[in-house]
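Here the structure is laid out as structure tokens; the discussion comes afterwards.
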Amino acid sequence: MKPPPFAYHRPADVDTAAQMLAALGDGAKVLAGGQSLVPLMNFRLAAPEHLVDVNHLGLDDVSMDDGEMVVGATVRQARLLSDPDIGAVHPLVADAAGWIAHAVIRNRGTVVGSLAHGDPAAELPAVLAVLGGSVDAVAWRDGRLATRRVPAAELFLGPLDTSLAVDELAVTARFPVLPARTGWAVEELARRHGDYALAGVILTVTVDGSGAPVGGRAAFLSCAPTPAVLDLTPALGDGAGPEAVYDLVAAALDPTDDIHATAAYRRHLAATLAGRGVALAAVRARESAEVPA
Amino acid sequence: MSERSDLADLLTPPGAVVTVGAPIFDEALAAQGVPTVAVDWKPPPAGAAATVAAVAADPRLADANRAAVERMAAVRPRLVDVRQASELVGIARRQLLHAGPPIGWHEASGPLRGAIVGACLYEGWAETQGDAEKLAAAGGIELSPCHHHGAAGPMAGVVSPSMPMWVLDDGAGRTSYSTLNEGLGKVLRYGAFGKEITERLLWMELVLGPCLAAALRRHGPVDVASLIASMVAMGDEGHNRNRAGTSLLVRALAPDMVRTIESGQRRAEDVAEVLAFVDSNDHFLLNVVMAAGKLVADAGAGVPGSSVVVTMARNGTEFGIRVSGTGDRWFTAPAEVPDGLYLGGYGPSDANPDIGDSAITETIGLGGFAMAGAPAIVQLVGGEVDDARTWTELMYQLTVSEHPMWTLPALGFRGVPFGIDALSVVRTGVAPIINTGMAGRVAGTGQVGAGLVRPPLACFTAAVDALAREAEAP
């Protein structure tokens, strides 16, 4: 398999890249890790006339800013797993990265690229959604570089569809770190390791000083056209257990049938995984706060 | 039509999923939140399929097993006397009996060696540990299994000529024997020896034995089959828990013990000491149950074509079994170390491999097989109360029958699992469960704990192999 013909552009700075995207319009796609775009081209499902390679713009930093972990456009997914500083600052992100496809894909695939691709079966969009993170995008408009911050809730519009305009380049993703006394869980089920999840959930649970859960939030993979975010708090009150979480999730999600699974099965699976994840996240929350189990 | 809707319902949730064998099936469903019933099943061990098939197809098998078990169930052991070993089990000077399959001094483990040393000191064959070891190592002590002499011995099972022994009969001419139980801790059967042990053995020979003998002879035979039925209903399993049974026996014998004082046969102080000794030892009845087991199990031996296990015994080095259809032949394999709870500061590295003839209790459906009726046993051998019931329920998979008299109230008065089928053990890969005491590895240590142990499956595959060679074609 090979892609249809295209023109390759390799800008050396962000301004030039943004100018190219503005000039090329609809016919251009941004090339970062290429782990989604290139297979789509090889399958002839996408046929951009121009590829703008953003691998040489110096956007490979991970830094902290105002309680958020800021990840540059060409930071590889593999780094989320291998960098001990990232694991210490944001264990949820590191955990989720381990569920992304396979090692060779993570070696090349980028964090921001996955967000810009907007696949509802992917882990990183759900991570950004559950944390209430955002993406910074730039565009060359009116003769200068314009920047805007797009919150996760406004970023994902549908399957492989985001609110990024054709001339916009996502340059950083911002992942808020977990608040105090907050634990997380990543639960997925796939037929084979590394396959797209039939359903999955990335969630957080916050406990009070006595270790009782007081809040929770989940984002589901493969259950809706975009990462489906639910507030789990109503199911975490006094006396509520995994059954309450199951019922809340099963009632709130509205997945559809496809060739991989029926809607009913997906709903059951997502609710089951959420119940399991809440228990794990609560344990982690208590550990992080050193409150009694 | 109703059958039609029943069939349609089969595929409509909620259903029940039963998984069999490889855990991956169960794990995959559990990951998806599907309730399952997991059946722990393994195919027969590699190489055993052909022999299992040959024995299973032997047209004699079902009738032979039924006959063996019926003979066993029909035995009504009676406790009739206490007499000296030299009069009973055909041992002469410098001969000792021991537990388990045949073994020599050089293969013997620590506790068996310790008990041999203790017996030599008690009999006056040696003055010191060193002398006794030298004597035994030079072949100066002849060793023979209890099982070859109509006896069953707990732990090391060492019987020396001067020891008093219980005498049981079946009312039809067969007899069996077992020593008197010494108590727990630093005792001969756990491999301890020395002054304390020798003094106790002498007291048992001179006071305890004669006192029990006099009382028993006055009282007349005690129906041990009924005694076992009562104790099983009262929370004993007859191996590591004999608290109710011990009390019932003493209650029965006490009036005649008192009468021996009046008649001048015994001193009041001796009788009081005997009663206090029994009161201090909840295992006192164990040896009686084992001798009863010997009568019961031996009755099942010698039925051609039968795969019923009639002996399970360990000598501290090897586990050995005998099967009804293969005569006197032992099938042995290295004994396992029990898993359980330890006394004081002892741990797993202090424990000797499995030892003792007391697995005769499991051979007749008691001990580990009757744990469902003795939930308190888990405080001694480890585990949860539910485990006790689970073990008994699992053992029904291995047995041909259920005992008609020994019933478990906790299981709706179901009879204990009775008559282990060696073929079922090999076919399922489930080994019998045995409640056992643990002896210290080093001679002289004594008891270090109690726990659960399984016989090595190799004993059973070897027995099935032997049955297969003699199997009749269908």
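Quick note on naming: the chains in the structure tokens go A, B, ... in the order shown, residues restart at 1 in each chain, and ligands are numbered from 1 in order of appearance.
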
Write out as JSON lines the residues of segment 424-468 of chain B that have any atom within 6 Å of an atom of segment 102-122 of chain B, one row each with the nearest atom pair and its distance in Å to one decimal, counting only C-alpha atoms, sorted by chain and then rising number.
{"residue": "B:Arg441", "atom": "CA", "partner": "B:Gly110", "partner_atom": "CA", "distance": 5.3}
{"residue": "B:Val442", "atom": "CA", "partner": "B:Gly110", "partner_atom": "CA", "distance": 4.8}
{"residue": "B:Ala443", "atom": "CA", "partner": "B:Gly110", "partner_atom": "CA", "distance": 4.2}
{"residue": "B:Gly444", "atom": "CA", "partner": "B:Gly114", "partner_atom": "CA", "distance": 5.3}

Can those selected residues be exported to a file as a PDB file, in the first residue's frame so that it contains N, CA, C and O atoms?
ATOM      1  N   ARG B 441      11.475 -30.862  61.587  1.00  0.00           N
ATOM      2  CA  ARG B 441      12.385 -31.538  60.667  1.00  0.00           C
ATOM      3  C   ARG B 441      13.548 -32.193  61.422  1.00  0.00           C
ATOM      4  O   ARG B 441      14.039 -33.255  61.068  1.00  0.00           O
ATOM      5  N   VAL B 442      13.988 -31.509  62.483  1.00  0.00           N
ATOM      6  CA  VAL B 442      15.147 -31.985  63.228  1.00  0.00           C
ATOM      7  C   VAL B 442      14.690 -32.946  64.326  1.00  0.00           C
ATOM      8  O   VAL B 442      13.739 -32.652  65.054  1.00  0.00           O
ATOM      9  N   ALA B 443      15.361 -34.108  64.410  1.00  0.00           N
ATOM     10  CA  ALA B 443      15.023 -35.093  65.424  1.00  0.00           C
ATOM     11  C   ALA B 443      15.044 -34.441  66.801  1.00  0.00           C
ATOM     12  O   ALA B 443      15.947 -33.666  67.112  1.00  0.00           O
ATOM     13  N   GLY B 444      14.020 -34.742  67.611  1.00  0.00           N
ATOM     14  CA  GLY B 444      13.985 -34.222  68.967  1.00  0.00           C
ATOM     15  C   GLY B 444      13.161 -32.961  69.123  1.00  0.00           C
ATOM     16  O   GLY B 444      12.896 -32.511  70.236  1.00  0.00           O
TER      17      GLY B 444
END

Go through chain B and flag each residue having an atom no more than 9 Å from chain A; for those, report the closest pair of atoms plus their distance in Å to one decimal, using only C-alpha atoms, ordered by chain and rising number, as a Markdown table.
| residue | atom | partner | partner_atom | distance |
| --- | --- | --- | --- | --- |
| B:Ala31 | CA | A:Leu189 | CA | 7.7 |
| B:Gln32 | CA | A:Leu269 | CA | 5.9 |
| B:Gly33 | CA | A:Thr272 | CA | 5.8 |

If we count only C-alpha atoms, what is near segment 200-206 of chain A at a cut-off of 8 Å, once residues fewer than 6 positions away on the same chain are taken out, given as a VMD selection string?
chain A and resid 96 123 126 to 127 130 180 to 189 213 to 222 270 273 to 274 277 to 278 281 to 282 285

Using DSSP assignments from the backbone, pull out every residue in segment 9-221 of chain B that falls under strand (DSSP E) and give it to me as JSON, numbers by chain.
{"B": [17, 18, 19, 20, 36, 37, 38, 39, 78, 79, 80, 81, 82, 83, 84, 95, 96, 97, 98, 142, 143, 144, 145, 164, 165, 166, 167, 168, 169, 175, 176, 177, 178, 179]}

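When atom CA of Arg469 of chain B is paired with atom CA of Ala335 of chain B, their separation reads 25.5 Å.
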
Any idea what's packed within 7 Å of Asp26 of chain B, counting only C-alpha atoms, ignoring anything in its chain fewer than 5 positions away? Could you give it as a PyMOL selection string?
chain B and resi 19+36+38

If we count only C-alpha atoms and set the cut-off at 10 Å, which residues sit around Gly305 of chain B, ignoring sequence neighbours fewer than 2 positions away in its own chain? Please answer as a PyMOL selection string.
chain B and resi 55+58-65+302-303+307-308+323-326+467-468+470-472

Residues within 12 Å of Leu40 of chain A, only C-alpha atoms, excluding chain neighbours under 5 positions, as a list in words
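Counting only the stated atoms, we get Met1, Lys2, Pro3, Pro4, Lys29, Gly34, Gln35, Leu45, Ala46, Ala47, Pro48, His117 and Leu160 of chain A.
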
For the residues in the current selection, export N, CA, C and O atoms as a PDB file, in the first residue's frame.
ATOM      1  N   MET A   1       0.844  -1.193   0.000  1.00  0.00           N
ATOM      2  CA  MET A   1       0.000   0.000   0.000  1.00  0.00           C
ATOM      3  C   MET A   1       0.880   1.244   0.000  1.00  0.00           C
ATOM      4  O   MET A   1       1.890   1.289   0.699  1.00  0.00           O
ATOM      5  N   LYS A   2       0.466   2.201  -0.732  1.00  0.00           N
ATOM      6  CA  LYS A   2       1.186   3.467  -0.700  1.00  0.00           C
ATOM      7  C   LYS A   2       0.191   4.597  -0.880  1.00  0.00           C
ATOM      8  O   LYS A   2      -0.899   4.410  -1.433  1.00  0.00           O
ATOM      9  N   PRO A   3       0.562   5.787  -0.386  1.00  0.00           N
ATOM     10  CA  PRO A   3      -0.392   6.907  -0.411  1.00  0.00           C
ATOM     11  C   PRO A   3      -0.513   7.511  -1.809  1.00  0.00           C
ATOM     12  O   PRO A   3       0.375   7.328  -2.644  1.00  0.00           O
ATOM     13  N   PRO A   4      -1.600   8.266  -2.045  1.00  0.00           N
ATOM     14  CA  PRO A   4      -1.683   9.040  -3.295  1.00  0.00           C
ATOM     15  C   PRO A   4      -0.597  10.123  -3.290  1.00  0.00           C
ATOM     16  O   PRO A   4      -0.074  10.453  -2.239  1.00  0.00           O
ATOM     17  N   LYS A  29      -2.651  18.998   5.177  1.00  0.00           N
ATOM     18  CA  LYS A  29      -2.786  18.364   6.491  1.00  0.00           C
ATOM     19  C   LYS A  29      -1.455  18.501   7.209  1.00  0.00           C
ATOM     20  O   LYS A  29      -0.391  18.499   6.595  1.00  0.00           O
ATOM     21  N   GLY A  34       2.269  10.939  12.342  1.00  0.00           N
ATOM     22  CA  GLY A  34       1.787  10.245  11.158  1.00  0.00           C
ATOM     23  C   GLY A  34       1.176   8.883  11.412  1.00  0.00           C
ATOM     24  O   GLY A  34       0.908   8.129  10.480  1.00  0.00           O
ATOM     25  N   GLN A  35       0.929   8.533  12.666  1.00  0.00           N
ATOM     26  CA  GLN A  35       0.482   7.175  12.951  1.00  0.00           C
ATOM     27  C   GLN A  35      -0.996   6.952  12.652  1.00  0.00           C
ATOM     28  O   GLN A  35      -1.444   5.810  12.542  1.00  0.00           O
ATOM     29  N   LEU A  45      -8.153   6.599   2.240  1.00  0.00           N
ATOM     30  CA  LEU A  45      -9.299   7.210   2.910  1.00  0.00           C
ATOM     31  C   LEU A  45      -9.078   8.708   3.068  1.00  0.00           C
ATOM     32  O   LEU A  45      -9.993   9.461   3.376  1.00  0.00           O
ATOM     33  N   ALA A  46      -7.838   9.138   2.892  1.00  0.00           N
ATOM     34  CA  ALA A  46      -7.531  10.567   2.909  1.00  0.00           C
ATOM     35  C   ALA A  46      -6.548  10.828   1.773  1.00  0.00           C
ATOM     36  O   ALA A  46      -5.695   9.982   1.507  1.00  0.00           O
ATOM     37  N   ALA A  47      -6.684  11.973   1.119  1.00  0.00           N
ATOM     38  CA  ALA A  47      -5.796  12.274  -0.010  1.00  0.00           C
ATOM     39  C   ALA A  47      -5.414  13.745  -0.016  1.00  0.00           C
ATOM     40  O   ALA A  47      -5.717  14.489  -0.956  1.00  0.00           O
ATOM     41  N   PRO A  48      -4.729  14.203   1.073  1.00  0.00           N
ATOM     42  CA  PRO A  48      -4.332  15.614   1.084  1.00  0.00           C
ATOM     43  C   PRO A  48      -3.287  15.885  -0.012  1.00  0.00           C
ATOM     44  O   PRO A  48      -2.442  15.031  -0.282  1.00  0.00           O
ATOM     45  N   HIS A 117      -6.493  14.561  16.099  1.00  0.00           N
ATOM     46  CA  HIS A 117      -7.149  13.550  15.272  1.00  0.00           C
ATOM     47  C   HIS A 117      -8.575  13.291  15.771  1.00  0.00           C
ATOM     48  O   HIS A 117      -9.475  13.000  14.984  1.00  0.00           O
ATOM     49  N   LEU A 160     -13.377  11.776  14.577  1.00  0.00           N
ATOM     50  CA  LEU A 160     -12.287  12.337  13.769  1.00  0.00           C
ATOM     51  C   LEU A 160     -12.560  13.780  13.351  1.00  0.00           C
ATOM     52  O   LEU A 160     -12.115  14.243  12.305  1.00  0.00           O
TER      53      LEU A 160
END

Val381 of chain B surroundings by only C-alpha atoms, 10 Å radius, close-in-sequence under 4 positions cut, as a list in words
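Residues meeting the cut-off are Asn240, Pro338, Asp339, Gly340, Leu341, Tyr342, Ala376, Ile377, Asn435, Thr436, Gly437, Met438, Gly449, Ala450, Gly451, Leu452 and Val453 of chain B.
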